[in-house]
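**Student:** Before I ask anything, here is the structure I am working with.
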Amino acid sequence: MPRRLQIAAAVMLVCFSLLCFAQERQSRSLGDSANLQRVFGTVESIAPDKLVVKDADGKTTTVKLTSATRFRKDRQDATIADLKAGDRVMAAGKPESDGTVVAQFVVTGLMRGGQGGPSRMGGAPPSPEEMVRMGLGTRFIAGEVKNIEETKLTLLRPDGQTQVIEADENTSFRNGNNESITLADIKPGDHVAGRGEMKNGIFVPQVLRVGVHFLQRAPENKQ
């Protein structure tokens with residue numbers, strides 16, 4: 001593989017890892033997020049006191065903003081004025097009984113690559129070829145759980161391929177609030193993602209996080 005392609009693939013893998021662990025990293029500087037609900041998606045509309053965010057499944061969530069809400073863009077302090085409709089964001093805050101979330105912080109722009117690199121928060125999702133070069137299925141995994149049989153999970157990956165992965169005694173599981181769960185808490189239809197490695201021809205995740213959506217772009221139909 002050409003060196004330039006190796007570097008690009010490494011950068012993209014780091015971008016994916018940052019997406020999976022964005023809240024964990026941000027919580028170190030913005031406070032304890034163990035009991036916060038995360039919202040990932042695209043900003044549909046902005047008002048002085050709220051954002052409407054649409055996730056990968058088309059579900060919208062109203063994110064309430066207060067004087068205590070902190071904003072970050074490209075790892076720098078920001079304000080609501082730095083956001084616009086169409087931006088990819090991650091918000092975290094206290095869930096309300098009506099389904100809204102009172103944001104403790106809102107983050108955007110985390111996944112922007114270097115010169116000539118792709119944008120993972122603000123740009124288009126990677127192509128299937130890019131995802132394979134990133135190490136999809138061998139260095140990290142992402143997708144929708146289609147079937148669970150004992151410790152094996154069949155996933156529909158973002159590139160449209162299915163893959164069977166297997167948890168072992170060292171695999172840890174986390175939910176959307178970054179709380180420890182078990183394999184029994186995962187069900188078909190859940191979206192999961194995590195890093196890991198190949199062992200005896202099968203991918204074994206080190207950490208598997210539930211509720212992480214990695215946008216799918218199906219392979220183009222070439223005539």
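How things are named: the first chain in the structure tokens is A, the next is B, and so on; residues count from 1 in each chain; ligands count from 1 in the order shown.
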Applying 6 Å and only C-alpha atoms, which residues near Leu155 (chain A) remain after dropping the ones on its own chain fewer than 3 positions away? List them as a PyMOL selection string.
**Tutor:** chain A and resi 143-146+162-163
**Student:** Which residues come within 6 Å of Leu153 (chain A), counting only C-alpha atoms, excluding same-chain residues fewer than 2 positions away, as a PyMOL selection string?
**Tutor:** chain A and resi 147-148+164-165
**Student:** Using N, CA and C atoms, can you write the selected residues to a file as a PDB file, in the first residue's frame?
**Tutor:**
```pdb
ATOM      1  N   ASN A 147     -28.345 -10.410  14.379  1.00  0.00           N
ATOM      2  CA  ASN A 147     -28.588 -11.682  15.060  1.00  0.00           C
ATOM      3  C   ASN A 147     -27.551 -11.874  16.163  1.00  0.00           C
ATOM      4  N   ILE A 148     -27.972 -12.527  17.237  1.00  0.00           N
ATOM      5  CA  ILE A 148     -27.072 -12.846  18.348  1.00  0.00           C
ATOM      6  C   ILE A 148     -27.214 -14.320  18.663  1.00  0.00           C
ATOM      7  N   VAL A 164     -19.739 -11.554  11.084  1.00  0.00           N
ATOM      8  CA  VAL A 164     -19.931 -12.167  12.391  1.00  0.00           C
ATOM      9  C   VAL A 164     -18.731 -11.817  13.255  1.00  0.00           C
ATOM     10  N   ILE A 165     -18.990 -11.253  14.428  1.00  0.00           N
ATOM     11  CA  ILE A 165     -17.936 -10.955  15.386  1.00  0.00           C
ATOM     12  C   ILE A 165     -18.197 -11.773  16.647  1.00  0.00           C
TER      13      ILE A 165
END
```
**Student:** Between A:Met90, A:Leu136, A:Ala78, A:Ala68, single out the one closest to Val43 (chain A), counting only C-alpha atoms.
**Tutor:** A:Met90
**Student:** Taking only C-alpha atoms into account, name the residue in A:Ala167, A:Val207, A:Ile80, A:Val89 that is nearest to Glu149 (chain A).
**Tutor:**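 The closest residue to Glu149 (chain A) is A:Ala167.
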**Student:** Suppose you want the space between CA of Ala85 (chain A) and CA of Thr66 (chain A); what is it in Å?
**Tutor:**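 That distance, rounded to one decimal, is 19.0 Å.
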**Student:** Work out how far CA of Val63 (chain A) is from CA of Thr100 (chain A), in Å to one decimal.
**Tutor:**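 If I compute the distance from CA of Thr100 (chain A) to CA of Val63 (chain A), I get 5.9 Å.
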**Student:** Please return as a list in words: the residues of region 64-93 of chain A that backbone DSSP assigns to strand (DSSP E).
**Tutor:**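 Residues meeting the strand (DSSP E) criterion: Lys64, Arg70, Phe71, Arg72, Lys73, Gln76, Asp77, Ala78, Arg88, Val89, Met90, Ala91, Ala92 and Gly93 of chain A.
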